[in-house]
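What follows is the content of run33.cif, which has mmCIF, C-alpha atoms:
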data_structure
loop_
_atom_site.group_PDB
_atom_site.id
_atom_site.type_symbol
_atom_site.label_atom_id
_atom_site.label_comp_id
_atom_site.auth_asym_id
_atom_site.auth_seq_id
_atom_site.Cartn_x
_atom_site.Cartn_y
_atom_site.Cartn_z
ATOM 1 C CA MET A 1 96.516 101.611 109.196
ATOM 2 C CA ALA A 2 99.060 103.738 111.010
ATOM 3 C CA THR A 3 101.978 102.141 112.778
ATOM 4 C CA ASN A 4 103.437 103.317 116.039
ATOM 5 C CA PRO A 5 107.168 103.929 115.560
ATOM 6 C CA GLY A 6 107.756 103.816 119.289
ATOM 7 C CA HIS A 7 106.146 100.400 119.582
ATOM 8 C CA HIS A 8 109.037 98.491 118.063
ATOM 9 C CA ASP A 9 111.076 96.398 120.451
ATOM 10 C CA ASP A 10 114.802 96.517 119.706
ATOM 11 C CA SER A 11 115.187 92.919 120.870
ATOM 12 C CA ILE A 12 112.662 91.767 118.248
ATOM 13 C CA GLU A 13 114.430 93.637 115.470
ATOM 14 C CA GLN A 14 117.784 92.263 116.630
ATOM 15 C CA ALA A 15 116.364 88.727 116.614
ATOM 16 C CA LEU A 16 115.076 89.208 113.066
ATOM 17 C CA ALA A 17 118.415 90.626 111.935
ATOM 18 C CA ALA A 18 120.185 87.581 113.362
ATOM 19 C CA ALA A 19 117.720 85.250 111.636
ATOM 20 C CA LEU A 20 118.309 86.941 108.273
ATOM 21 C CA ALA A 21 122.111 86.915 108.467
ATOM 22 C CA GLY A 22 123.264 85.307 105.222
ATOM 23 C CA ARG A 23 119.649 85.039 104.042
ATOM 24 C CA MET A 24 118.903 88.496 102.630
ATOM 25 C CA LEU A 25 117.070 87.482 99.502
ATOM 26 C CA LEU A 26 118.285 90.305 97.260
ATOM 27 C CA THR A 27 121.781 88.858 97.634
ATOM 28 C CA HIS A 28 120.713 85.475 96.251
ATOM 29 C CA PRO A 29 122.231 84.671 92.820
ATOM 30 C CA PHE A 30 118.766 84.195 91.302
ATOM 31 C CA TYR A 31 117.647 87.691 92.248
ATOM 32 C CA LEU A 32 121.002 89.167 91.269
ATOM 33 C CA ARG A 33 120.518 87.677 87.796
ATOM 34 C CA TRP A 34 116.963 89.069 87.733
ATOM 35 C CA GLU A 35 118.309 92.564 88.488
ATOM 36 C CA ALA A 36 120.929 92.156 85.754
ATOM 37 C CA GLY A 37 118.436 90.917 83.159
ATOM 38 C CA GLU A 38 120.099 87.509 82.923
ATOM 39 C CA LEU A 39 117.102 85.276 83.546
ATOM 40 C CA SER A 40 115.693 83.427 80.567
ATOM 41 C CA ALA A 41 112.037 83.638 79.615
ATOM 42 C CA VAL A 42 111.628 80.040 80.777
ATOM 43 C CA GLU A 43 113.110 80.887 84.187
ATOM 44 C CA LEU A 44 110.720 83.775 84.725
ATOM 45 C CA ALA A 45 107.754 81.662 83.638
ATOM 46 C CA THR A 46 108.736 78.783 85.906
ATOM 47 C CA TYR A 47 109.375 81.140 88.813
ATOM 48 C CA SER A 48 105.884 82.598 88.445
ATOM 49 C CA SER A 49 104.328 79.130 88.311
ATOM 50 C CA GLN A 50 106.053 78.105 91.541
ATOM 51 C CA TYR A 51 105.758 81.374 93.501
ATOM 52 C CA ARG A 52 102.022 81.392 92.870
ATOM 53 C CA HIS A 53 101.610 78.502 95.297
ATOM 54 C CA PHE A 54 102.824 80.658 98.185
ATOM 55 C CA GLU A 55 100.736 83.641 97.124
ATOM 56 C CA ALA A 56 97.666 81.394 96.972
ATOM 57 C CA VAL A 57 98.128 80.106 100.543
ATOM 58 C CA LEU A 58 98.992 83.470 102.123
ATOM 59 C CA PRO A 59 95.409 84.656 102.816
ATOM 60 C CA ALA A 60 94.658 81.452 104.737
ATOM 61 C CA LEU A 61 97.811 81.926 106.824
ATOM 62 C CA LEU A 62 96.822 85.488 107.690
ATOM 63 C CA ARG A 63 93.261 84.438 108.465
ATOM 64 C CA ASP A 64 94.456 81.664 110.785
ATOM 65 C CA LEU A 65 96.800 84.053 112.576
ATOM 66 C CA THR A 66 94.002 86.589 113.040
ATOM 67 C CA GLU A 67 91.754 83.923 114.553
ATOM 68 C CA GLN A 68 94.500 82.666 116.896
ATOM 69 C CA LEU A 69 95.326 86.148 118.122
ATOM 70 C CA THR A 70 91.673 87.042 118.596
ATOM 71 C CA ALA A 71 91.048 83.864 120.589
ATOM 72 C CA ALA A 72 94.071 84.645 122.766
ATOM 73 C CA GLY A 73 92.743 88.127 123.516
ATOM 74 C CA SER A 74 95.551 89.849 121.586
ATOM 75 C CA ALA A 75 93.219 92.340 119.940
ATOM 76 C CA GLU A 76 95.867 94.801 118.757
ATOM 77 C CA ALA A 77 98.009 92.135 117.080
ATOM 78 C CA ALA A 78 94.873 90.551 115.587
ATOM 79 C CA GLY A 79 93.892 93.926 114.131
ATOM 80 C CA ILE A 80 97.324 94.331 112.577
ATOM 81 C CA VAL A 81 97.196 90.945 110.867
ATOM 82 C CA SER A 82 93.580 91.506 109.809
ATOM 83 C CA ALA A 83 94.569 94.782 108.132
ATOM 84 C CA ASN A 84 97.321 92.913 106.283
ATOM 85 C CA LEU A 85 94.748 90.330 105.163
ATOM 86 C CA ASP A 86 92.371 93.063 103.967
ATOM 87 C CA ASP A 87 95.140 94.459 101.774
ATOM 88 C CA GLU A 88 95.900 90.996 100.435
ATOM 89 C CA LEU A 89 92.274 90.406 99.490
ATOM 90 C CA GLY A 90 91.473 93.695 97.840
ATOM 91 C CA ASN A 91 93.939 96.587 97.852
ATOM 92 C CA PRO A 92 93.711 97.630 95.063
ATOM 93 C CA ARG A 93 92.530 94.220 93.829
ATOM 94 C CA PRO A 94 93.018 90.700 95.196
ATOM 95 C CA HIS A 95 96.761 90.188 95.112
ATOM 96 C CA LEU A 96 96.455 86.722 93.610
ATOM 97 C CA GLU A 97 94.731 88.348 90.618
ATOM 98 C CA LEU A 98 97.565 90.863 90.352
ATOM 99 C CA PHE A 99 100.050 88.011 90.521
ATOM 100 C CA ASP A 100 98.245 86.153 87.747
ATOM 101 C CA ASP A 101 98.615 89.256 85.546
ATOM 102 C CA PHE A 102 102.371 89.079 86.150
ATOM 103 C CA ALA A 103 102.441 85.337 85.442
ATOM 104 C CA GLU A 104 100.558 85.831 82.180
ATOM 105 C CA ALA A 105 102.975 88.598 81.156
ATOM 106 C CA VAL A 106 105.984 86.291 81.584
ATOM 107 C CA GLY A 107 104.351 83.213 80.051
ATOM 108 C CA GLY A 108 103.722 81.343 83.286
ATOM 109 C CA ILE A 109 101.326 78.425 83.378
ATOM 110 C CA ARG A 110 99.696 76.574 86.255
ATOM 111 C CA ALA A 111 102.064 73.826 87.414
ATOM 112 C CA GLU A 112 102.323 71.405 90.290
ATOM 113 C CA PRO A 113 104.600 72.551 93.108
ATOM 114 C CA THR A 114 108.120 71.202 93.220
ATOM 115 C CA PRO A 115 109.238 69.517 96.459
ATOM 116 C CA THR A 116 111.025 72.720 97.462
ATOM 117 C CA THR A 117 107.919 74.815 96.810
ATOM 118 C CA ASP A 118 105.928 72.334 98.863
ATOM 119 C CA ALA A 119 108.515 72.687 101.624
ATOM 120 C CA LEU A 120 108.160 76.487 101.534
ATOM 121 C CA THR A 121 104.388 76.488 101.918
ATOM 122 C CA SER A 122 104.518 73.651 104.461
ATOM 123 C CA THR A 123 107.052 75.559 106.553
ATOM 124 C CA TYR A 124 104.731 78.528 106.813
ATOM 125 C CA ILE A 125 101.682 76.377 107.534
ATOM 126 C CA ASP A 126 103.660 74.608 110.268
ATOM 127 C CA LEU A 127 104.835 77.893 111.797
ATOM 128 C CA VAL A 128 101.312 79.305 111.936
ATOM 129 C CA THR A 129 99.989 76.021 113.363
ATOM 130 C CA GLU A 130 102.648 75.943 116.085
ATOM 131 C CA SER A 131 101.851 79.384 117.473
ATOM 132 C CA ALA A 132 100.902 82.901 116.491
ATOM 133 C CA ILE A 133 104.364 84.089 117.511
ATOM 134 C CA ALA A 134 106.081 81.534 115.279
ATOM 135 C CA GLY A 135 103.760 82.406 112.396
ATOM 136 C CA LEU A 136 104.332 86.132 112.789
ATOM 137 C CA ALA A 137 108.098 85.664 113.005
ATOM 138 C CA GLY A 138 108.098 83.557 109.852
ATOM 139 C CA LEU A 139 106.129 86.239 108.016
ATOM 140 C CA ALA A 140 108.448 88.937 109.344
ATOM 141 C CA ALA A 141 111.420 87.120 107.826
ATOM 142 C CA TYR A 142 109.911 87.782 104.406
ATOM 143 C CA GLU A 143 107.832 90.923 104.802
ATOM 144 C CA THR A 144 110.636 93.022 106.290
ATOM 145 C CA GLN A 145 112.522 92.386 103.024
ATOM 146 C CA ALA A 146 109.576 92.338 100.647
ATOM 147 C CA SER A 147 109.353 96.031 99.778
ATOM 148 C CA ALA A 148 112.936 96.210 98.504
ATOM 149 C CA ILE A 149 112.584 92.871 96.727
ATOM 150 C CA ALA A 150 109.376 93.906 94.964
ATOM 151 C CA GLY A 151 110.837 97.219 93.848
ATOM 152 C CA SER A 152 113.892 95.499 92.422
ATOM 153 C CA LYS A 153 111.766 92.949 90.581
ATOM 154 C CA ALA A 154 109.499 95.586 89.034
ATOM 155 C CA GLU A 155 112.455 97.647 87.872
ATOM 156 C CA GLY A 156 114.156 94.616 86.357
ATOM 157 C CA LEU A 157 110.996 93.504 84.566
ATOM 158 C CA ARG A 158 110.579 96.914 82.939
ATOM 159 C CA LEU A 159 114.217 97.515 82.140
ATOM 160 C CA HIS A 160 115.265 94.118 80.864
ATOM 161 C CA TYR A 161 112.135 92.220 79.889
ATOM 162 C CA GLY A 162 109.800 94.865 78.468
ATOM 163 C CA ILE A 163 106.960 94.088 80.891
ATOM 164 C CA ASP A 164 104.394 96.896 81.068
ATOM 165 C CA ASP A 165 102.653 98.373 84.117
ATOM 166 C CA HIS A 166 99.851 95.807 83.929
ATOM 167 C CA GLY A 167 102.370 92.988 84.245
ATOM 168 C CA THR A 168 104.399 94.651 86.996
ATOM 169 C CA ALA A 169 101.425 95.834 89.096
ATOM 170 C CA PHE A 170 101.783 93.037 91.657
ATOM 171 C CA TRP A 171 105.367 94.058 92.376
ATOM 172 C CA ASP A 172 104.644 97.805 92.205
ATOM 173 C CA VAL A 173 101.898 97.435 94.821
ATOM 174 C CA HIS A 174 104.143 95.408 97.103
ATOM 175 C CA ALA A 175 107.079 97.782 96.696
ATOM 176 C CA THR A 176 105.101 100.381 98.646
ATOM 177 C CA MET A 177 102.643 98.316 100.685
ATOM 178 C CA GLU A 178 105.134 95.835 102.111
ATOM 179 C CA ALA A 179 107.081 98.602 103.823
ATOM 180 C CA ASP A 180 104.001 99.052 106.012
ATOM 181 C CA HIS A 181 103.344 95.336 106.337
ATOM 182 C CA GLY A 182 106.870 94.667 107.553
ATOM 183 C CA ASP A 183 106.495 97.349 110.222
ATOM 184 C CA TRP A 184 103.058 96.073 111.209
ATOM 185 C CA ILE A 185 104.291 92.513 111.744
ATOM 186 C CA VAL A 186 107.172 93.699 113.925
ATOM 187 C CA ASP A 187 104.684 95.819 115.893
ATOM 188 C CA ALA A 188 102.452 92.782 116.350
ATOM 189 C CA LEU A 189 105.353 90.714 117.677
ATOM 190 C CA ALA A 190 106.461 93.518 119.977
ATOM 191 C CA GLY A 191 103.006 93.638 121.528
ATOM 192 C CA LEU A 192 103.077 89.958 122.509
ATOM 193 C CA GLU A 193 104.978 88.122 125.211
ATOM 194 C CA THR A 194 107.783 86.918 122.992
ATOM 195 C CA ARG A 195 111.298 85.682 123.606
ATOM 196 C CA PRO A 196 113.920 86.917 121.125
ATOM 197 C CA GLY A 197 115.268 83.393 120.753
ATOM 198 C CA GLN A 198 111.816 82.113 119.805
ATOM 199 C CA VAL A 199 111.429 84.861 117.204
ATOM 200 C CA GLU A 200 114.898 84.243 115.781
ATOM 201 C CA ALA A 201 114.386 80.483 115.452
ATOM 202 C CA ALA A 202 111.022 80.780 113.715
ATOM 203 C CA ALA A 203 112.169 83.589 111.438
ATOM 204 C CA ARG A 204 115.228 81.582 110.447
ATOM 205 C CA ARG A 205 113.035 78.665 109.425
ATOM 206 C CA GLY A 206 111.067 80.970 107.161
ATOM 207 C CA ALA A 207 114.221 82.571 105.771
ATOM 208 C CA ASP A 208 115.820 79.180 105.105
ATOM 209 C CA ALA A 209 112.704 77.993 103.265
ATOM 210 C CA TRP A 210 112.749 81.042 100.993
ATOM 211 C CA TRP A 211 116.479 80.648 100.351
ATOM 212 C CA ALA A 212 115.973 76.990 99.421
ATOM 213 C CA PHE A 213 113.136 78.002 97.083
ATOM 214 C CA LEU A 214 115.516 80.334 95.226
ATOM 215 C CA ASP A 215 118.272 77.722 95.283
ATOM 216 C CA ASP A 216 115.838 75.456 93.453
ATOM 217 C CA ARG A 217 115.167 78.113 90.840
ATOM 218 C CA GLU A 218 118.917 78.634 90.379
ATOM 219 C CA ALA A 219 119.581 74.899 90.132
ATOM 220 C CA GLU A 220 117.012 74.593 87.353
ATOM 221 C CA ALA A 221 118.909 77.258 85.400
ATOM 222 C CA VAL A 222 122.082 75.192 85.673
ATOM 223 C CA VAL A 223 120.583 71.896 84.531
ATOM 224 C CA GLY A 224 118.144 73.443 82.057
ATOM 225 C CA THR A 225 115.130 71.482 83.279
ATOM 226 C CA VAL A 226 111.669 72.792 82.448
ATOM 227 C CA TYR A 227 108.578 71.603 84.314
#
What do you get writing this file as structure tokens?
Amino acid sequence: MATNPGHHDDSIEQALAAALAGRMLLTHPFYLRWEAGELSAVELATYSSQYRHFEAVLPALLRDLTEQLTAAGSAEAAGIVSANLDDELGNPRPHLELFDDFAEAVGGIRAEPTPTTDALTSTYIDLVTESAIAGLAGLAAYETQASAIAGSKAEGLRLHYGIDDHGTAFWDVHATMEADHGDWIVDALAGLETRPGQVEAAARRGADAWWAFLDDREAEAVVGTVY
């Protein structure tokens, strides 16, 4: 799906930038240690077990957003989110399957969500339930960063942890695909009747939930707890 570079609204991008101030995930200590090869095998395994809960709920979030936008007559925005969902479900394979290959490569096992993981998924469910604009803004808080994050993760896994292409495929796919998805979501927001303050507030909630999720992963490293 092609994006329209002229479609972006500067006020939307400024609102997202304000929401992400101090919450750029690649600056989080957990991801900095990932880049440096300082995570233990247990940390990577536990991370995969917890992150999977968000990956598992993402298709439902995108489907709900598509239905809301379609019902509201926002056909262009609905098409954008639907294209994102199509990628999630099968480009090049279902992304949850790709994620499970990564989890297997790092020794992850199925585990119950921690309270912070529950809070992350609940935040996104709440945002989508509140309104399509809130849901899109919450997704934008992550997807506008996701390409760089995925590329960094894949590189770190190869360089420091000896994970092969099969195990890094989830991150390799997202390193390229999420650059488009981030643009698409901003385009979708720009095509709706949005207020920058509304976008900033919703995006900040999403960004805070992700930051807390990584804080939880970092705290587990300090106390040495294993689920």
To verify the selection step, state as a PDB file with C-alpha atoms, keeping the file's coordinate frame which residues the PyMOL selection byres ((chain A and resi 14-20) around 12) yields on this input.
ATOM      1  CA  HIS A   8     109.037  98.491 118.063  1.00  0.00           C
ATOM      2  CA  ASP A   9     111.076  96.398 120.451  1.00  0.00           C
ATOM      3  CA  ASP A  10     114.802  96.517 119.706  1.00  0.00           C
ATOM      4  CA  SER A  11     115.187  92.919 120.870  1.00  0.00           C
ATOM      5  CA  ILE A  12     112.662  91.767 118.248  1.00  0.00           C
ATOM      6  CA  GLU A  13     114.430  93.637 115.470  1.00  0.00           C
ATOM      7  CA  ALA A  21     122.111  86.915 108.467  1.00  0.00           C
ATOM      8  CA  GLY A  22     123.264  85.307 105.222  1.00  0.00           C
ATOM      9  CA  ARG A  23     119.649  85.039 104.042  1.00  0.00           C
ATOM     10  CA  MET A  24     118.903  88.496 102.630  1.00  0.00           C
ATOM     11  CA  LEU A  25     117.070  87.482  99.502  1.00  0.00           C
ATOM     12  CA  LEU A  26     118.285  90.305  97.260  1.00  0.00           C
ATOM     13  CA  THR A  27     121.781  88.858  97.634  1.00  0.00           C
ATOM     14  CA  LEU A 136     104.332  86.132 112.789  1.00  0.00           C
ATOM     15  CA  ALA A 137     108.098  85.664 113.005  1.00  0.00           C
ATOM     16  CA  GLY A 138     108.098  83.557 109.852  1.00  0.00           C
ATOM     17  CA  LEU A 139     106.129  86.239 108.016  1.00  0.00           C
ATOM     18  CA  ALA A 140     108.448  88.937 109.344  1.00  0.00           C
ATOM     19  CA  ALA A 141     111.420  87.120 107.826  1.00  0.00           C
ATOM     20  CA  TYR A 142     109.911  87.782 104.406  1.00  0.00           C
ATOM     21  CA  GLU A 143     107.832  90.923 104.802  1.00  0.00           C
ATOM     22  CA  THR A 144     110.636  93.022 106.290  1.00  0.00           C
ATOM     23  CA  GLN A 145     112.522  92.386 103.024  1.00  0.00           C
ATOM     24  CA  GLY A 182     106.870  94.667 107.553  1.00  0.00           C
ATOM     25  CA  ILE A 185     104.291  92.513 111.744  1.00  0.00           C
ATOM     26  CA  VAL A 186     107.172  93.699 113.925  1.00  0.00           C
ATOM     27  CA  LEU A 189     105.353  90.714 117.677  1.00  0.00           C
ATOM     28  CA  ALA A 190     106.461  93.518 119.977  1.00  0.00           C
ATOM     29  CA  THR A 194     107.783  86.918 122.992  1.00  0.00           C
ATOM     30  CA  ARG A 195     111.298  85.682 123.606  1.00  0.00           C
ATOM     31  CA  PRO A 196     113.920  86.917 121.125  1.00  0.00           C
ATOM     32  CA  GLY A 197     115.268  83.393 120.753  1.00  0.00           C
ATOM     33  CA  GLN A 198     111.816  82.113 119.805  1.00  0.00           C
ATOM     34  CA  VAL A 199     111.429  84.861 117.204  1.00  0.00           C
ATOM     35  CA  GLU A 200     114.898  84.243 115.781  1.00  0.00           C
ATOM     36  CA  ALA A 201     114.386  80.483 115.452  1.00  0.00           C
ATOM     37  CA  ALA A 202     111.022  80.780 113.715  1.00  0.00           C
ATOM     38  CA  ALA A 203     112.169  83.589 111.438  1.00  0.00           C
ATOM     39  CA  ARG A 204     115.228  81.582 110.447  1.00  0.00           C
ATOM     40  CA  ARG A 205     113.035  78.665 109.425  1.00  0.00           C
ATOM     41  CA  GLY A 206     111.067  80.970 107.161  1.00  0.00           C
ATOM     42  CA  ALA A 207     114.221  82.571 105.771  1.00  0.00           C
ATOM     43  CA  ASP A 208     115.820  79.180 105.105  1.00  0.00           C
ATOM     44  CA  ALA A 209     112.704  77.993 103.265  1.00  0.00           C
ATOM     45  CA  TRP A 210     112.749  81.042 100.993  1.00  0.00           C
ATOM     46  CA  TRP A 211     116.479  80.648 100.351  1.00  0.00           C
TER      47      TRP A 211
END
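Compared by their closest atoms to A:Glu97, and using only C-alpha atoms, the residues A:Gly167, A:Gly191, A:Pro113, A:Gly162 rank with A:Gly167 nearest.
Considering the residues A:Ala179, A:Ala132, A:Ala169, A:Leu120 and counting all atoms listed in the file, A:Arg52 has its shortest atom-to-atom contact with A:Leu120.
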Non-local contacts of A:Val128 (9 Å; only C-alpha atoms; under 6 positions in same chain excluded) as a PyMOL selection string | chain A and resi 61-62+64-65+134-136+138
Give the padded box for stretch 46-60 of chain A as lines of an AutoDock Vina configuration file: axis-aligned, covering all atoms listed in the file, 8 Å on each side, centre and edge lengths in Å to one decimal.
center_x = 102.0
center_y = 81.4
center_z = 95.3
size_x = 30.7
size_y = 22.6
size_z = 34.8
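Among A:Glu43, A:Asp101, A:Glu178, A:Asp86, the residue with the shortest atom-to-atom distance to A:Phe30, counting only C-alpha atoms, is A:Glu43.
Across the chains present, the PyMOL selection byres ((chain A and resi 49) around 8) applied to this file returns Ala45, Thr46, Tyr47, Ser48, Gln50, Tyr51, Arg52, His53, Ala103, Gly108, Ile109, Arg110 and Ala111 of chain A.
This file, queried with the PyMOL selection byres ((chain A and resi 78-84) around 9), gives the residues Met1, Leu62, Arg63, Leu65, Thr66, Glu67, Gln68, Leu69, Thr70, Gly73, Ser74, Ala75, Glu76, Ala77, Leu85, Asp86, Asp87, Glu88, Leu89, Leu136, His181, Trp184, Ile185, Asp187 and Ala188 of chain A.
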Selection near A:Ala221, 10 Å with only C-alpha atoms, sequence-local residues under 5 positions removed, as a PyMOL selection string = chain A and resi 30+39-40+42-43+215-216+226
Identify which of the residues A:Glu104, A:Glu155, A:Asp118, A:Glu193 lies closest to A:Gly37, counting all atoms listed in the file when measuring atom-to-atom distances.
-> A:Glu155
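Interatomic distance, atom CA of A:Ala175 against atom CA of A:Thr123: 24.3 Å.
Among A:Asp164, A:Pro94, A:Thr116, A:Phe102, the residue with the shortest atom-to-atom distance to A:Ala219, counting all atoms listed in the file, is A:Thr116.
When all atoms listed in the file are used to measure the gap to A:Ala36, the shortest distance among A:Ser152, A:Leu192, A:Thr168, A:Glu220 belongs to A:Ser152.
Atom pair atom CA of A:Phe170 / atom CA of A:Phe99 has a distance of 5.4 Å (rounded to one decimal).
For the atom pair formed by atom CA of A:Asn91 and atom CA of A:Asp180, the distance is 13.2 Å, given to one decimal.
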Could you add whatever atoms are missing so that stretch 167-180 of chain A carries N, CA and C atoms, then write the result as an mmCIF file, in the coordinates of the input?
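The resulting file, part-v1.cif, is reproduced below:
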data_model
loop_
_atom_site.group_PDB
_atom_site.id
_atom_site.type_symbol
_atom_site.label_atom_id
_atom_site.label_comp_id
_atom_site.auth_asym_id
_atom_site.auth_seq_id
_atom_site.Cartn_x
_atom_site.Cartn_y
_atom_site.Cartn_z
ATOM 1 N N GLY A 167 101.643 94.188 83.833
ATOM 2 C CA GLY A 167 102.370 92.988 84.245
ATOM 3 C C GLY A 167 103.196 93.175 85.500
ATOM 4 N N THR A 168 103.579 94.406 85.803
ATOM 5 C CA THR A 168 104.399 94.651 86.996
ATOM 6 C C THR A 168 103.573 95.112 88.199
ATOM 7 N N ALA A 169 102.252 95.238 88.037
ATOM 8 C CA ALA A 169 101.425 95.834 89.096
ATOM 9 C C ALA A 169 101.563 95.107 90.430
ATOM 10 N N PHE A 170 101.640 93.787 90.399
ATOM 11 C CA PHE A 170 101.783 93.037 91.657
ATOM 12 C C PHE A 170 103.007 93.516 92.419
ATOM 13 N N TRP A 171 104.127 93.655 91.718
ATOM 14 C CA TRP A 171 105.367 94.058 92.376
ATOM 15 C C TRP A 171 105.345 95.537 92.728
ATOM 16 N N ASP A 172 104.744 96.376 91.890
ATOM 17 C CA ASP A 172 104.644 97.805 92.205
ATOM 18 C C ASP A 172 103.842 98.026 93.488
ATOM 19 N N VAL A 173 102.728 97.315 93.619
ATOM 20 C CA VAL A 173 101.898 97.435 94.821
ATOM 21 C C VAL A 173 102.692 97.021 96.054
ATOM 22 N N HIS A 174 103.404 95.909 95.950
ATOM 23 C CA HIS A 174 104.143 95.408 97.103
ATOM 24 C C HIS A 174 105.382 96.250 97.420
ATOM 25 N N ALA A 175 105.911 96.928 96.435
ATOM 26 C CA ALA A 175 107.079 97.782 96.696
ATOM 27 C C ALA A 175 106.750 98.882 97.691
ATOM 28 N N THR A 176 105.512 99.347 97.692
ATOM 29 C CA THR A 176 105.101 100.381 98.646
ATOM 30 C C THR A 176 104.389 99.768 99.859
ATOM 31 N N MET A 177 103.477 98.857 99.613
ATOM 32 C CA MET A 177 102.643 98.316 100.685
ATOM 33 C C MET A 177 103.434 97.482 101.686
ATOM 34 N N GLU A 178 104.426 96.734 101.211
ATOM 35 C CA GLU A 178 105.134 95.835 102.111
ATOM 36 C C GLU A 178 106.018 96.574 103.108
ATOM 37 N N ALA A 179 106.352 97.826 102.821
ATOM 38 C CA ALA A 179 107.081 98.602 103.823
ATOM 39 C C ALA A 179 106.223 98.744 105.076
ATOM 40 N N ASP A 180 104.926 98.993 104.879
ATOM 41 C CA ASP A 180 104.001 99.052 106.012
ATOM 42 C C ASP A 180 103.811 97.677 106.641
#
